[in-house]
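Below is the file my_file-v1.txt, which contains compact mmCIF, C-alpha atoms and all ligand atoms.
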```txt
# COMPACT_ATOMS: atom_id res chain seq x y z
CA MET N 778 -5.45 -20.72 15.52
CA PRO N 779 -8.04 -18.10 14.46
CA GLU N 780 -8.28 -17.24 10.76
CA LYS N 781 -6.03 -14.36 9.72
CA LYS N 782 -7.49 -12.22 6.94
CA ILE N 783 -5.33 -9.70 5.12
CA LEU N 784 -6.63 -6.90 2.88
CA ILE N 785 -4.32 -6.00 -0.02
CA THR N 786 -5.38 -2.99 -2.07
CA GLY N 787 -4.20 -2.76 -5.68
CA ALA N 788 -3.67 -6.53 -5.73
CA SER N 789 -4.34 -7.11 -9.45
CA ARG N 790 -0.85 -6.38 -10.77
CA GLY N 791 2.62 -5.07 -9.93
CA LEU N 792 3.62 -4.99 -6.28
CA GLY N 793 0.14 -5.85 -5.02
CA LEU N 794 -0.03 -9.04 -7.10
CA ALA N 795 3.43 -10.12 -5.93
CA ILE N 796 2.43 -9.42 -2.32
CA SER N 797 -0.75 -11.48 -2.72
CA ASN N 798 1.27 -14.38 -4.18
CA ALA N 799 3.70 -14.20 -1.25
CA LEU N 800 0.87 -14.23 1.33
CA SER N 801 -1.59 -16.54 -0.42
CA LYS N 802 -0.66 -19.80 1.36
CA GLU N 803 -0.50 -18.53 4.91
CA TYR N 804 -3.46 -16.13 5.01
CA THR N 805 -6.98 -15.64 3.70
CA LEU N 806 -6.80 -12.62 1.44
CA ILE N 807 -9.24 -9.84 0.63
CA LEU N 808 -8.06 -8.73 -2.77
CA HIS N 809 -8.86 -5.27 -4.04
CA ALA N 810 -8.54 -3.56 -7.44
CA THR N 811 -10.69 -1.02 -9.25
CA ARG N 812 -12.94 -3.81 -10.58
CA LYS N 813 -13.33 -7.60 -10.58
CA GLU N 814 -12.27 -7.82 -14.23
CA SER N 815 -8.77 -6.64 -13.26
CA PHE N 816 -8.15 -10.12 -11.78
CA THR N 817 -7.44 -13.45 -13.46
CA ASN N 818 -7.22 -16.79 -11.61
CA VAL N 819 -8.26 -15.92 -8.05
CA ASP N 820 -8.01 -18.82 -5.58
CA PRO N 821 -11.61 -19.43 -4.35
CA LYS N 822 -10.44 -19.37 -0.71
CA HIS N 823 -9.79 -15.62 -1.12
CA HIS N 824 -12.30 -12.75 -1.34
CA LEU N 825 -12.65 -9.89 -3.81
CA LEU N 826 -13.67 -6.42 -2.70
CA CYS N 827 -13.32 -3.88 -5.51
CA ALA N 828 -13.71 -0.11 -5.69
CA ASP N 829 -12.39 2.82 -7.64
CA LEU N 830 -10.80 4.62 -4.70
CA SER N 831 -10.69 7.91 -6.60
CA ASP N 832 -14.46 8.06 -6.13
CA PRO N 833 -15.36 9.17 -2.56
CA THR N 834 -18.71 7.32 -2.69
CA GLN N 835 -17.03 4.06 -3.69
CA LEU N 836 -14.34 4.53 -1.01
CA ASN N 837 -17.04 5.05 1.61
CA GLU N 838 -18.95 1.95 0.49
CA PHE N 839 -15.69 -0.07 0.37
CA CYS N 840 -14.89 0.81 4.00
CA LYS N 841 -18.43 -0.06 5.11
CA ARG N 842 -18.30 -3.46 3.39
CA LEU N 843 -14.81 -4.16 4.72
CA LYS N 844 -16.03 -3.60 8.28
CA LYS N 845 -19.33 -5.46 7.83
CA GLU N 846 -18.06 -8.49 5.89
CA HIS N 847 -14.57 -8.96 7.34
CA GLY N 848 -14.18 -6.63 10.34
CA ASP N 849 -13.89 -9.13 13.18
CA THR N 850 -11.53 -11.53 11.35
CA LEU N 851 -9.32 -8.92 9.74
CA TYR N 852 -5.69 -9.25 10.89
CA GLY N 853 -3.78 -7.08 8.44
CA VAL N 854 -4.03 -4.32 5.85
CA ILE N 855 -1.57 -3.62 3.04
CA ASN N 856 -2.48 -0.20 1.67
CA ASN N 857 -0.75 -0.65 -1.69
CA ALA N 858 -3.05 0.81 -4.39
CA GLY N 859 -1.50 3.94 -5.83
CA ILE N 860 -1.37 6.09 -8.94
CA THR N 861 0.98 8.66 -10.42
CA PHE N 862 0.69 11.42 -13.01
CA ASP N 863 4.24 12.60 -13.62
CA LYS N 864 4.46 16.22 -14.70
CA SER N 865 5.45 19.65 -13.48
CA LEU N 866 3.09 21.03 -10.83
CA ILE N 867 2.77 24.10 -13.04
CA TYR N 868 0.97 22.04 -15.67
CA GLN N 869 -0.83 19.58 -13.36
CA PRO N 870 -4.61 19.99 -13.61
CA GLU N 871 -6.46 20.24 -10.30
CA ASN N 872 -8.47 17.09 -11.04
CA GLU N 873 -5.20 15.08 -11.18
CA ILE N 874 -4.07 16.62 -7.88
CA ASP N 875 -7.39 15.65 -6.29
CA LYS N 876 -7.16 12.11 -7.68
CA LEU N 877 -3.61 11.63 -6.39
CA LEU N 878 -4.61 12.83 -2.92
CA GLN N 879 -7.76 10.72 -2.92
CA VAL N 880 -6.28 7.38 -4.09
CA ASN N 881 -2.80 7.59 -2.52
CA LEU N 882 -3.58 9.30 0.79
CA LYS N 883 -7.26 9.76 1.65
CA ALA N 884 -8.15 6.13 0.82
CA PRO N 885 -5.41 4.63 3.06
CA ILE N 886 -6.42 7.07 5.84
CA MET N 887 -10.08 6.02 5.60
CA ILE N 888 -9.15 2.33 5.46
CA CYS N 889 -6.98 2.73 8.59
CA LYS N 890 -9.90 4.55 10.25
CA ALA N 891 -12.25 1.71 9.29
CA VAL N 892 -10.13 -1.02 10.89
CA MET N 893 -8.46 0.65 13.90
CA LYS N 894 -11.32 0.24 16.37
CA GLN N 895 -11.59 -3.49 15.75
CA PHE N 896 -7.80 -3.90 15.93
CA LEU N 897 -7.88 -2.15 19.32
CA LEU N 898 -10.67 -4.48 20.50
CA ASN N 899 -8.77 -7.54 19.20
CA LYS N 900 -5.52 -6.11 20.60
CA ARG N 901 -3.76 -7.29 17.45
CA GLY N 902 -3.33 -6.32 13.83
CA VAL N 903 -0.76 -5.01 11.36
CA ILE N 904 -1.07 -2.15 8.86
CA ILE N 905 1.59 -1.68 6.20
CA ASN N 906 1.24 1.46 4.09
CA VAL N 907 3.13 1.47 0.79
CA SER N 908 5.01 4.77 0.71
CA SER N 909 8.00 5.40 -1.58
CA CYS N 910 11.61 6.57 -1.41
CA VAL N 911 10.43 9.84 -3.02
CA GLY N 912 8.36 10.50 0.11
CA GLU N 913 11.69 11.20 1.77
CA THR N 914 13.85 12.53 -1.07
CA GLY N 915 11.19 14.32 -3.11
CA ASN N 916 11.27 14.04 -6.90
CA ALA N 917 10.98 16.52 -9.76
CA PHE N 918 7.71 16.08 -11.67
CA GLN N 919 6.26 14.02 -8.82
CA ALA N 920 5.56 16.78 -6.28
CA VAL N 921 2.02 15.74 -5.35
CA TYR N 922 2.78 12.00 -5.60
CA SER N 923 5.79 12.51 -3.31
CA ALA N 924 3.67 14.53 -0.88
CA THR N 925 1.14 11.68 -0.65
CA LYS N 926 3.94 9.19 -0.01
CA ALA N 927 5.48 11.39 2.73
CA GLY N 928 1.97 11.59 4.17
CA LEU N 929 1.72 7.80 4.38
CA ALA N 930 4.98 7.54 6.33
CA ALA N 931 3.79 10.24 8.76
CA LEU N 932 0.36 8.61 9.03
CA SER N 933 1.92 5.27 9.96
CA LYS N 934 4.23 6.71 12.61
CA SER N 935 1.42 8.80 14.09
CA LEU N 936 -1.03 5.92 14.27
CA ALA N 937 1.56 3.66 15.91
CA ARG N 938 1.93 6.30 18.61
CA GLU N 939 -1.83 6.74 18.85
CA VAL N 940 -2.34 3.02 19.45
CA SER N 941 0.14 3.13 22.32
CA ALA N 942 -1.79 6.07 23.83
CA LEU N 943 -5.08 4.17 23.56
CA SER N 944 -4.02 0.68 24.63
CA GLU N 945 -1.42 -0.42 27.15
CA GLU N 946 -0.98 -4.02 26.15
CA HIS N 947 -1.41 -4.82 22.50
CA ALA N 948 0.20 -6.48 19.49
CA ILE N 949 -0.79 -3.83 16.94
CA ARG N 950 1.89 -2.58 14.55
CA ILE N 951 1.57 0.19 11.99
CA LEU N 952 4.40 0.94 9.61
CA SER N 953 5.24 1.91 6.07
CA ILE N 954 7.60 0.64 3.42
CA ALA N 955 9.46 2.84 0.96
CA PRO N 956 10.35 0.97 -2.23
CA GLY N 957 12.81 2.53 -4.66
CA PHE N 958 12.53 2.01 -8.42
CA ILE N 959 10.73 -1.32 -8.90
CA GLU N 960 9.92 -2.74 -12.36
CA THR N 961 6.10 -2.61 -12.75
CA GLU N 962 3.54 -1.07 -15.12
CA MET N 963 3.82 2.13 -13.08
CA THR N 964 7.52 2.50 -13.92
CA ASP N 965 7.26 1.07 -17.47
CA THR N 966 6.27 4.48 -18.79
CA VAL N 967 9.31 6.33 -17.37
CA PRO N 968 11.30 7.66 -20.36
CA GLU N 969 14.66 5.94 -20.98
CA LYS N 970 16.59 9.16 -20.25
CA PHE N 971 15.13 9.29 -16.70
CA ARG N 972 15.57 5.52 -16.18
CA GLN N 973 19.31 5.91 -16.85
CA GLU N 974 19.46 8.88 -14.43
CA TYR N 975 17.72 6.88 -11.69
CA LEU N 976 19.99 3.90 -12.32
CA LYS N 977 23.09 6.02 -11.70
CA ALA N 978 21.74 6.81 -8.20
CA ILE N 979 21.23 3.15 -7.20
CA PRO N 980 24.27 1.51 -5.56
CA ALA N 981 22.83 -1.94 -6.41
CA ASN N 982 23.27 -0.96 -10.10
CA ARG N 983 19.83 -2.29 -11.03
CA PHE N 984 16.15 -1.70 -10.52
CA GLY N 985 14.25 -3.83 -8.00
CA ASN N 986 11.78 -6.57 -8.77
CA VAL N 987 8.37 -7.00 -7.19
CA ASN N 988 9.27 -10.17 -5.29
CA GLU N 989 12.03 -8.33 -3.43
CA VAL N 990 9.34 -6.05 -2.00
CA ALA N 991 6.75 -8.80 -1.46
CA ASP N 992 9.19 -10.90 0.62
CA VAL N 993 9.82 -7.94 2.94
CA VAL N 994 6.07 -7.36 3.32
CA ALA N 995 5.56 -11.04 4.22
CA PHE N 996 8.29 -10.75 6.86
CA LEU N 997 6.93 -7.48 8.28
CA LEU N 998 3.46 -9.00 8.57
CA SER N 999 4.77 -12.06 10.39
CA ASP N 1000 5.42 -12.45 14.12
CA LYS N 1001 9.14 -12.55 13.28
CA ALA N 1002 8.83 -8.76 12.89
CA SER N 1003 6.93 -8.33 16.17
CA TYR N 1004 9.19 -5.48 17.36
CA ILE N 1005 9.18 -3.49 14.10
CA ASN N 1006 6.63 -0.72 14.52
CA GLY N 1007 6.03 2.97 13.71
CA THR N 1008 8.83 3.14 11.16
CA ASN N 1009 9.46 3.41 7.43
CA ILE N 1010 11.39 0.48 5.91
CA ASN N 1011 13.50 1.29 2.82
CA ILE N 1012 13.65 -1.29 0.02
CA ASN N 1013 15.63 0.59 -2.58
CA GLY N 1014 18.98 -0.97 -3.49
CA GLY N 1015 20.75 1.75 -1.53
CA ILE N 1016 19.36 4.96 -3.11
CA LEU N 1017 20.48 7.84 -0.94
N1 LIG Z 1 6.76 0.58 -8.90
C1 LIG Z 1 7.58 1.33 -8.17
O1 LIG Z 1 8.75 1.60 -8.52
C2 LIG Z 1 7.10 1.90 -6.86
C3 LIG Z 1 8.05 2.52 -6.04
C4 LIG Z 1 7.64 3.03 -4.81
C5 LIG Z 1 6.31 2.92 -4.43
N2 LIG Z 1 5.42 2.32 -5.27
C6 LIG Z 1 4.03 2.23 -4.80
O2 LIG Z 1 3.64 0.87 -4.78
C7 LIG Z 1 2.25 0.76 -5.02
C8 LIG Z 1 2.00 -0.22 -6.15
O3 LIG Z 1 2.66 0.26 -7.30
P1 LIG Z 1 2.78 -0.61 -8.64
O4 LIG Z 1 4.00 -0.12 -9.33
O5 LIG Z 1 2.60 -2.04 -8.34
O6 LIG Z 1 1.50 -0.02 -9.44
P2 LIG Z 1 0.70 -0.63 -10.69
O7 LIG Z 1 1.43 -1.76 -11.32
O8 LIG Z 1 0.35 0.55 -11.53
O9 LIG Z 1 -0.65 -1.21 -9.98
C9 LIG Z 1 -1.54 -0.32 -9.39
C10 LIG Z 1 -2.62 -1.05 -8.62
O10 LIG Z 1 -3.47 -0.05 -8.02
C11 LIG Z 1 -4.80 -0.21 -8.49
N3 LIG Z 1 -5.41 1.10 -8.76
C12 LIG Z 1 -5.08 1.99 -9.74
N4 LIG Z 1 -5.93 3.02 -9.72
C13 LIG Z 1 -6.82 2.79 -8.72
C14 LIG Z 1 -7.96 3.47 -8.24
N5 LIG Z 1 -8.39 4.63 -8.78
N6 LIG Z 1 -8.67 2.91 -7.24
C15 LIG Z 1 -8.28 1.75 -6.70
N7 LIG Z 1 -7.21 1.04 -7.11
C16 LIG Z 1 -6.49 1.56 -8.11
C17 LIG Z 1 -4.69 -1.00 -9.79
O11 LIG Z 1 -5.94 -1.70 -10.02
P3 LIG Z 1 -6.50 -1.98 -11.53
O12 LIG Z 1 -5.68 -3.14 -12.06
O13 LIG Z 1 -7.93 -2.31 -11.35
O14 LIG Z 1 -6.27 -0.72 -12.31
C18 LIG Z 1 -3.52 -1.91 -9.49
O15 LIG Z 1 -3.94 -3.04 -8.77
C19 LIG Z 1 1.76 2.18 -5.31
O16 LIG Z 1 1.22 2.75 -4.15
C20 LIG Z 1 3.03 2.91 -5.72
O17 LIG Z 1 2.94 4.27 -5.47
C21 LIG Z 1 5.79 1.79 -6.47
```
Would you put the structure from the file into structure tokens?
Ligand SMILES: NC(=O)c1ccc[n+]([C@@H]2O[C@H](COP(=O)([O-])OP(=O)(O)OC[C@H]3O[C@@H](n4cnc5c(N)ncnc54)[C@H](OP(=O)(O)O)[C@@H]3O)[C@@H](O)[C@H]2O)c1
Amino acid sequence: MPEKKILITGASRGLGLAISNALSKEYTLILHATRKESFTNVDPKHHLLCADLSDPTQLNEFCKRLKKEHGDTLYGVINNAGITFDKSLIYQPENEIDKLLQVNLKAPIMICKAVMKQFLLNKRGVIINVSSCVGETGNAFQAVYSATKAGLAALSKSLAREVSALSEEHAIRILSIAPGFIETEMTDTVPEKFRQEYLKAIPANRFGNVNEVADVVAFLLSDKASYINGTNININGGIL
């Protein structure tokens, strides 16, 4: 069986680290974070490809290297790296808005663009974009973040349709996942008052843990999910 390489962005901690642990045995991984020093204990069978995706030059270089060094053996992409700056839009500086758009939306778009042609030639490949429940519900003090996450769901659905327009027979799937409130460094900083508010809205009566998302990603990447395409999969304990 040919080697299956999977790129995971934001793989140094939180959801990305859990996803890389879940995939580590079965696949060869290309692990991304802002810099090499973000990682500890990387299995030598995997690759590191780092870039600060808020920097357009580094994003460009990252996409070039991804294509050149791994293009023909790349099987999957998990666009997971993401940032948030929670505050009212009224007080959000433009440089934060630009950074949110660049890291959370432009970078996944450019990474999809970088791999799509080869996926079409190979007639196989899976892209999973990490959206969020707030992409559907919206969230106060996360207007731009939520907009980027809605964008990822729309991007995934559109690209799935685009692949079908470009190729009759193929095994390419493009989808997004929408986690709810998952315990990571990103959610550590949410003030207790808001945590309690969020908790009230979760029928599971608890926040999620990273492995509950990673296991779904492993399933979606596998052939067992071969008919799941062009959709947004909720992993949120039942948040409405
Ligand atoms: N946690 C949740 O409740 C939740 C819910 C829904 C969706 N999500 C989404 O899930 C994804 C992962 O979230 P998380 O909670 O695991 O986040 P996290 O713990 O804060 O980890 C963020 C990851 O993204 C990387 N990253 C940060 N800034 C970057 C930049 N400028 N350029 C490139 N990479 C950058 C980090 O690398 P370094 O270590 O090098 O900084 C790290 O690997 C995000 O897209 C987030 O929006 C999370």
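Comparing the minimum interatomic distances between ligand LIG 1 (chain Z) and each of N:Glu939, N:Glu969, N:Glu814, N:Glu913, counting only C-alpha atoms and all ligand atoms, we find that N:Glu814 sits nearest.
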Restricting the calculation to only C-alpha atoms, which member of N:Ser1003, N:Thr805, N:Thr961, N:Ser941 is positioned closest to Phe984 of chain N? N:Thr961
Within 8 Å of ligand LIG 1 (chain Z), which residues of chain N come that close, and what is the closest atom pair and distance in Å for each? Count all atoms listed in the file and give it as CSV.
```
residue,atom,partner,partner_atom,distance
N:Thr786,CA,Z:LIG1,N7,6.7
N:Gly787,CA,Z:LIG1,O15,3.1
N:Ala788,CA,Z:LIG1,O15,4.6
N:Ser789,CA,Z:LIG1,O15,4.1
N:Arg790,CA,Z:LIG1,O15,5.0
N:Gly791,CA,Z:LIG1,O5,3.4
N:Leu792,CA,Z:LIG1,O5,3.7
N:Gly793,CA,Z:LIG1,O5,5.6
N:Leu794,CA,Z:LIG1,O15,7.4
N:His809,CA,Z:LIG1,O15,7.2
N:Ala810,CA,Z:LIG1,O11,4.1
N:Thr811,CA,Z:LIG1,O13,3.7
N:Arg812,CA,Z:LIG1,O13,5.3
N:Lys813,CA,Z:LIG1,O13,7.6
N:Glu814,CA,Z:LIG1,O13,7.6
N:Ser815,CA,Z:LIG1,O13,4.8
N:Phe816,CA,Z:LIG1,O12,7.4
N:Cys827,CA,Z:LIG1,C15,7.6
N:Ala828,CA,Z:LIG1,C15,5.8
N:Asp829,CA,Z:LIG1,N6,3.7
N:Leu830,CA,Z:LIG1,N6,3.7
N:Ser831,CA,Z:LIG1,N5,4.6
N:Asp832,CA,Z:LIG1,N5,7.5
N:Asn856,CA,Z:LIG1,O16,7.5
N:Asn857,CA,Z:LIG1,O16,4.6
N:Ala858,CA,Z:LIG1,O10,3.8
N:Gly859,CA,Z:LIG1,O16,3.4
N:Ile860,CA,Z:LIG1,N4,5.6
N:Thr861,CA,Z:LIG1,O17,6.9
N:Lys876,CA,Z:LIG1,N5,7.7
N:Val880,CA,Z:LIG1,N5,5.8
N:Asn881,CA,Z:LIG1,O16,6.5
N:Val907,CA,Z:LIG1,O16,5.4
N:Ser908,CA,Z:LIG1,C5,5.6
N:Ser909,CA,Z:LIG1,C4,4.0
N:Cys910,CA,Z:LIG1,C4,6.3
N:Val911,CA,Z:LIG1,C4,7.6
N:Tyr922,CA,Z:LIG1,O17,7.7
N:Lys926,CA,Z:LIG1,O17,7.4
N:Ala955,CA,Z:LIG1,C4,6.1
N:Pro956,CA,Z:LIG1,C4,4.3
N:Gly957,CA,Z:LIG1,C3,5.0
N:Phe958,CA,Z:LIG1,O1,3.8
N:Ile959,CA,Z:LIG1,O1,3.5
N:Glu960,CA,Z:LIG1,N1,5.7
N:Thr961,CA,Z:LIG1,O4,4.7
N:Glu962,CA,Z:LIG1,O7,4.4
N:Met963,CA,Z:LIG1,O8,4.1
N:Thr964,CA,Z:LIG1,N1,5.4
N:Gly985,CA,Z:LIG1,O1,7.7
N:Val987,CA,Z:LIG1,O5,7.7
```
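Within 10 Å of the point (2.7, 12.3, -8.2), counting only C-alpha atoms, the protein and nucleic acid residues come to N:Gly859, N:Ile860, N:Thr861, N:Phe862, N:Asp863, N:Lys864, N:Ser865, N:Leu866, N:Gln869, N:Glu873, N:Ile874, N:Lys876, N:Leu877, N:Leu878, N:Asn881, N:Val911, N:Asn916, N:Ala917, N:Phe918, N:Gln919, N:Ala920, N:Val921, N:Tyr922, N:Ser923, N:Ala924, N:Thr925, N:Lys926.
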Can I get the selection written as an mmCIF file, in the frame of the given file, with C-alpha atoms?
```
data_model
loop_
_atom_site.group_PDB
_atom_site.id
_atom_site.type_symbol
_atom_site.label_atom_id
_atom_site.label_comp_id
_atom_site.auth_asym_id
_atom_site.auth_seq_id
_atom_site.Cartn_x
_atom_site.Cartn_y
_atom_site.Cartn_z
ATOM 1 C CA GLY N 859 -1.500 3.940 -5.830
ATOM 2 C CA ILE N 860 -1.370 6.090 -8.940
ATOM 3 C CA THR N 861 0.980 8.660 -10.420
ATOM 4 C CA PHE N 862 0.690 11.420 -13.010
ATOM 5 C CA ASP N 863 4.240 12.600 -13.620
ATOM 6 C CA LYS N 864 4.460 16.220 -14.700
ATOM 7 C CA SER N 865 5.450 19.650 -13.480
ATOM 8 C CA LEU N 866 3.090 21.030 -10.830
ATOM 9 C CA GLN N 869 -0.830 19.580 -13.360
ATOM 10 C CA GLU N 873 -5.200 15.080 -11.180
ATOM 11 C CA ILE N 874 -4.070 16.620 -7.880
ATOM 12 C CA LYS N 876 -7.160 12.110 -7.680
ATOM 13 C CA LEU N 877 -3.610 11.630 -6.390
ATOM 14 C CA LEU N 878 -4.610 12.830 -2.920
ATOM 15 C CA ASN N 881 -2.800 7.590 -2.520
ATOM 16 C CA VAL N 911 10.430 9.840 -3.020
ATOM 17 C CA ASN N 916 11.270 14.040 -6.900
ATOM 18 C CA ALA N 917 10.980 16.520 -9.760
ATOM 19 C CA PHE N 918 7.710 16.080 -11.670
ATOM 20 C CA GLN N 919 6.260 14.020 -8.820
ATOM 21 C CA ALA N 920 5.560 16.780 -6.280
ATOM 22 C CA VAL N 921 2.020 15.740 -5.350
ATOM 23 C CA TYR N 922 2.780 12.000 -5.600
ATOM 24 C CA SER N 923 5.790 12.510 -3.310
ATOM 25 C CA ALA N 924 3.670 14.530 -0.880
ATOM 26 C CA THR N 925 1.140 11.680 -0.650
ATOM 27 C CA LYS N 926 3.940 9.190 -0.010
#
```
Pick from N:Thr850, N:Gln879, N:Asn899, N:Asn798 nearest to Pro833 of chain N, counting all atoms listed in the file: N:Gln879
Quote the spacing between atom CA of Arg950 of chain N and atom CA of Leu808 of chain N in Å to one decimal place. 20.9 Å
What is the atom CA of Ala978 of chain N to atom CA of Gly1015 of chain N distance in Å? 8.4 Å
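In this model, the gap between atom CA of Thr1008 of chain N and atom CA of Ala995 of chain N comes to 16.1 Å.
Taking all atoms listed in the file into account, the polymer residues that have an atom no farther than 8 Å from (8.4, -4.8, -1.5) are Leu792, Ile796, Ile954, Pro956, Val987, Asn988, Glu989, Val990, Ala991, Asp992, Val993, Val994 and Ile1012 of chain N.
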